[in-house]
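> Let me begin by handing over the structure; questions about it come next.
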Protein chains: 2
Amino acid sequence: MAVTFDDVARAHQRLAGHARRTPALTSATVDALTGAQVFFKCENLQRMGAFKFRGAFNALSQLSAEQKRRGVIAYSSGNHAQAVALAGRMLGIAATIVMPADAPRVKLEATRGYGAAIVSYDPKTEDREAIARALSVKHGFTVIPPYDHPHIVAGQGTAAKELIEDTGPLDILLVPCGGGGLLSGSALAASALSPGCRVIGVEPAAGDDATRSFRSKTLQTVHNPDTIADGARTPSLGQVTFPLVLQYVSDMLTVDDAALLQSMFFLWERMKLVVEPTGALGACALLEKRLDAKGMRAGVLLSGGNVDLAWAAAQLIASRRGPQAA
Amino acid sequence: MAVTFDDVARAHQRLAGHARRTPALTSATVDALTGAQVFFKCENLQRMGAFKFRGAFNALSQLSAEQKRRGVIAYSSGNHAQAVALAGRMLGIAATIVMPADAPRVKLEATRGYGAAIVSYDPKTEDREAIARALSVKHGFTVIPPYDHPHIVAGQGTAAKELIEDTGPLDILLVPCGGGGLLSGSALAASALSPGCRVIGVEPAAGDDATRSFRSKTLQTVHNPDTIADGARTPSLGQVTFPLVLQYVSDMLTVDDAALLQSMFFLWERMKLVVEPTGALGACALLEKRLDAKGMRAGVLLSGGNVDLAWAAAQLIASRRGPQAA
């Protein structure tokens, strides 16, 4: 199933009044550091703290009356879980989420808080997709995949649509990449609204499957990559997202975890925005000067802000070798 | 010198194109917790990370050509320093800042980064006002006070003006209070744009001088109060701000540091906004249900976000008794 910009535009109509139109913020410090004019699309300020709400709401709102009555199921360790839970609550659709027993506390609590039923599993010994499929068959739940579905892709593309509508044409757009839902949707939106804009996906170095897939034009995978960017630990691009990435994305970049952590805390300290590691991937490529953006109008998608503060505090102290005096 | 809403309106014109029109954000979680419809004015996203830029720019832009040529001096451990430094750089006015040697690293660096000359002093043995006065006499610098000046008050009032313009009339408006510049300016703006809105100042319990002044109608002072709300360690309201507080403010509340810290981290975790302790005072009064806001349209000024991350990380870990698993 091909996805087009019209699908993104229709998704945007469905989301009106439900998703937040998040602000595009600027930073004189970032502009001075990069020589570019940079616009940060703050999807960390989206409902449930990440862009994932857009795709989930778009998908759930297109279910049939019978599908809505039976309910939905999703497997996710993170933001997709909360997105499906919240969209389900808003649309009156019962949601069941298959989550690893060791998921971040803040994400477990939020998912439960949005009224979803949680089914825990041991990620070391159990297969979440198999669990979800079995429950789906047993109860008639519709499976809502985290990224590899046209309705998900179209929904995620609405963030870049809003950004370009608010800021005007861009020269480059930097987008975090896990399974490629946000990246392919963003690239679709940019191709229609800002032709000539180079859309660049950014991955953690430890999970560089999409970069390898992009270069080799053959789908590459990675197994449970060791990276702090938990939203980008996906095994590969998907059947829907890979062709879109090949067609619409200009380049892929990777950044390592140490740089990612520093960029994340830069966003906290200088822009006053709590961004999660995955959410800082695009910003990291820019701040680390992995590309020359001098003189350009650059968009950066800050994709989410759901991070366990205690984890972040420990990381900060470790990275700076002991607390400093206030 | 009395200050009126017209002064706030004129300050707003001077700030146009220089200060950011910061967003007013909402949170479904906060609305559910409080039963109110809450609008957070995000002055942590203001230039240099706090509302202080508004007053400083308004004051500096009204200096005479001769005063601008000679330069300005300010004494501040924090946001006022950065505000004067940045406004000075934008207006081409040399700024000297008298800062305690033990000021937070992030604030020292930022002030220096904005191009100001820094004069350090030992807060235990030296008097910053005396140092500033001596330098002012010697070099002809104009002293820019942190709050007790009509131009500062008028500038600070523009944040509440924007908030009410963006959200419509409010029933209550919660404002952090140190020296009363933001509080009196906000109350002036609300009295003109949202008559009937109760404007409530919130102070740290350890520095409750303004609350005592408000109740007794006599100026009360506090000496170097022990609170994490470093922006509210001011000794008292001022000659300009106290009469305005008595005339326009409806009530004063205090919150203790433990509650303030929890509210601050709530804003980080749930709203994805880095807010400093002082900046969270108004939010804390609401979240701690120090007043019943049920059914109300409530404005909350998040006044700033300049916090040393390492300090915050240590506080978080101490408050939660050890890091938790991510």
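Simple scheme: letters A, B, ... for chains in structure tokens order, numbers from 1 for residues in each chain, numbers from 1 for ligands in the order shown.
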Write out as a PyMOL selection string the residues lying within 9 Å of segment 86-95 of chain A, counting only C-alpha atoms and excluding same-chain residues fewer than 5 positions away.

chain A and resi 18+47-48+53-54+56-58+60-61+67-74+81+111+113-118+141

> Generate a file of the selected residues that holds C-alpha atoms, formatted as a PDB file, in the first residue's frame.


```
ATOM      1  CA  HIS A  18      -7.159  16.084  19.089  1.00  0.00           C
ATOM      2  CA  ARG A  47       0.079  14.639  23.892  1.00  0.00           C
ATOM      3  CA  MET A  48       1.604  11.707  25.809  1.00  0.00           C
ATOM      4  CA  PHE A  53       0.122   9.944  19.213  1.00  0.00           C
ATOM      5  CA  ARG A  54      -0.360  11.241  15.677  1.00  0.00           C
ATOM      6  CA  ALA A  56      -1.949   5.955  16.609  1.00  0.00           C
ATOM      7  CA  PHE A  57      -4.894   8.348  16.588  1.00  0.00           C
ATOM      8  CA  ASN A  58      -4.965   8.372  12.796  1.00  0.00           C
ATOM      9  CA  LEU A  60      -7.535   4.027  15.436  1.00  0.00           C
ATOM     10  CA  SER A  61      -9.945   6.622  14.075  1.00  0.00           C
ATOM     11  CA  GLN A  67     -13.158  -3.240  15.093  1.00  0.00           C
ATOM     12  CA  LYS A  68     -13.633  -0.361  17.521  1.00  0.00           C
ATOM     13  CA  ARG A  69     -16.075  -2.444  19.564  1.00  0.00           C
ATOM     14  CA  ARG A  70     -13.650  -5.385  19.802  1.00  0.00           C
ATOM     15  CA  GLY A  71     -10.663  -3.276  20.770  1.00  0.00           C
ATOM     16  CA  VAL A  72      -7.008  -2.979  19.768  1.00  0.00           C
ATOM     17  CA  ILE A  73      -3.705  -4.450  20.832  1.00  0.00           C
ATOM     18  CA  ALA A  74      -0.158  -3.157  20.449  1.00  0.00           C
ATOM     19  CA  ALA A  81       2.119   1.918  23.896  1.00  0.00           C
ATOM     20  CA  THR A 111       0.289   3.606  29.763  1.00  0.00           C
ATOM     21  CA  GLY A 113      -2.770   5.874  33.518  1.00  0.00           C
ATOM     22  CA  TYR A 114      -4.320   6.179  30.057  1.00  0.00           C
ATOM     23  CA  GLY A 115      -6.528   3.229  30.915  1.00  0.00           C
ATOM     24  CA  ALA A 116      -4.926   0.478  28.843  1.00  0.00           C
ATOM     25  CA  ALA A 117      -4.747  -3.145  29.993  1.00  0.00           C
ATOM     26  CA  ILE A 118      -1.089  -4.184  30.221  1.00  0.00           C
ATOM     27  CA  PHE A 141      -8.361  -7.326  18.806  1.00  0.00           C
TER      28      PHE A 141
END
```

> Compile the residues of chain A that lie within 8 Å of chain B, evaluated using only C-alpha atoms, and express the compilation as a ChimeraX atom specification.

/A:23,44-45,49,103-105,268-275,305-314,316-317,323-326

> List the spatial neighbours of Gly282 of chain B as a PyMOL selection string - criterion: any atom at most 6 Å away, only C-alpha atoms, same-chain residues fewer than 3 positions off excluded.

chain B and resi 174-176+202+285+300

> If we count only C-alpha atoms, what is near Leu188 of chain B at a cut-off of 8 Å, once residues fewer than 5 positions away on the same chain are taken out, given as a list in words?

Thr4, Phe5, Val8, Gly157, Leu244 and Tyr248 of chain B

> Store the residues of this selection in a file with N, CA and C atoms, as a short mmCIF file (atom, residue, chain, number, x, y, z; two decimals), in the first residue's frame.


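selection39.cif, freshly written:
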```
data_model
loop_
_atom_site.label_atom_id
_atom_site.label_comp_id
_atom_site.auth_asym_id
_atom_site.auth_seq_id
_atom_site.Cartn_x
_atom_site.Cartn_y
_atom_site.Cartn_z
N THR B 4 1.58 52.06 35.42
CA THR B 4 0.21 51.78 34.99
C THR B 4 0.23 50.73 33.88
N PHE B 5 -0.97 50.26 33.51
CA PHE B 5 -1.05 49.30 32.42
C PHE B 5 -0.53 49.90 31.12
N VAL B 8 2.93 49.05 30.73
CA VAL B 8 3.10 47.65 30.30
C VAL B 8 2.87 47.55 28.79
N GLY B 157 5.57 42.84 33.24
CA GLY B 157 4.12 42.68 33.08
C GLY B 157 3.70 42.20 31.71
N LEU B 244 2.33 48.41 44.65
CA LEU B 244 1.59 47.74 43.56
C LEU B 244 1.05 46.40 44.03
N TYR B 248 -2.89 45.64 43.87
CA TYR B 248 -3.40 44.79 42.78
C TYR B 248 -3.41 43.29 43.06
#
```

> Hey, what does DSSP flag as strand (DSSP E) within segment 129-247 of chain A? Can you give it to me as a list in words?

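The strand (DSSP E) subset of segment 129-247 of chain A is Thr142, Val143, Ile172, Leu173, Leu174, Val175, Pro176, Arg198, Val199, Ile200, Gly201, Val202, Glu203 and Pro204 of chain A.
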
> Could you list, as a list in words, every residue within 7 Å of Asn79 of chain B, counting only C-alpha atoms and ignoring same-chain residues fewer than 3 positions away?

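Skipping anything fewer than 3 positions along the chain leaves Ala50, Lys52, Gln82 and Ala83 of chain B.
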
> For Met252 of chain B, list every protein, DNA or RNA residue within 6 Å, evaluated using only C-alpha atoms, and leave out those in the same chain fewer than 4 positions away; present the list as an MDAnalysis selection string.

chainID B and resid 200:202 211

> Which parts of segment 152-270 of chain A does DSSP call alpha helix (DSSP H) when run on the backbone here, written out as a ChimeraX atom specification?

/A:152-167,181-193,209-216,241-248,257-270
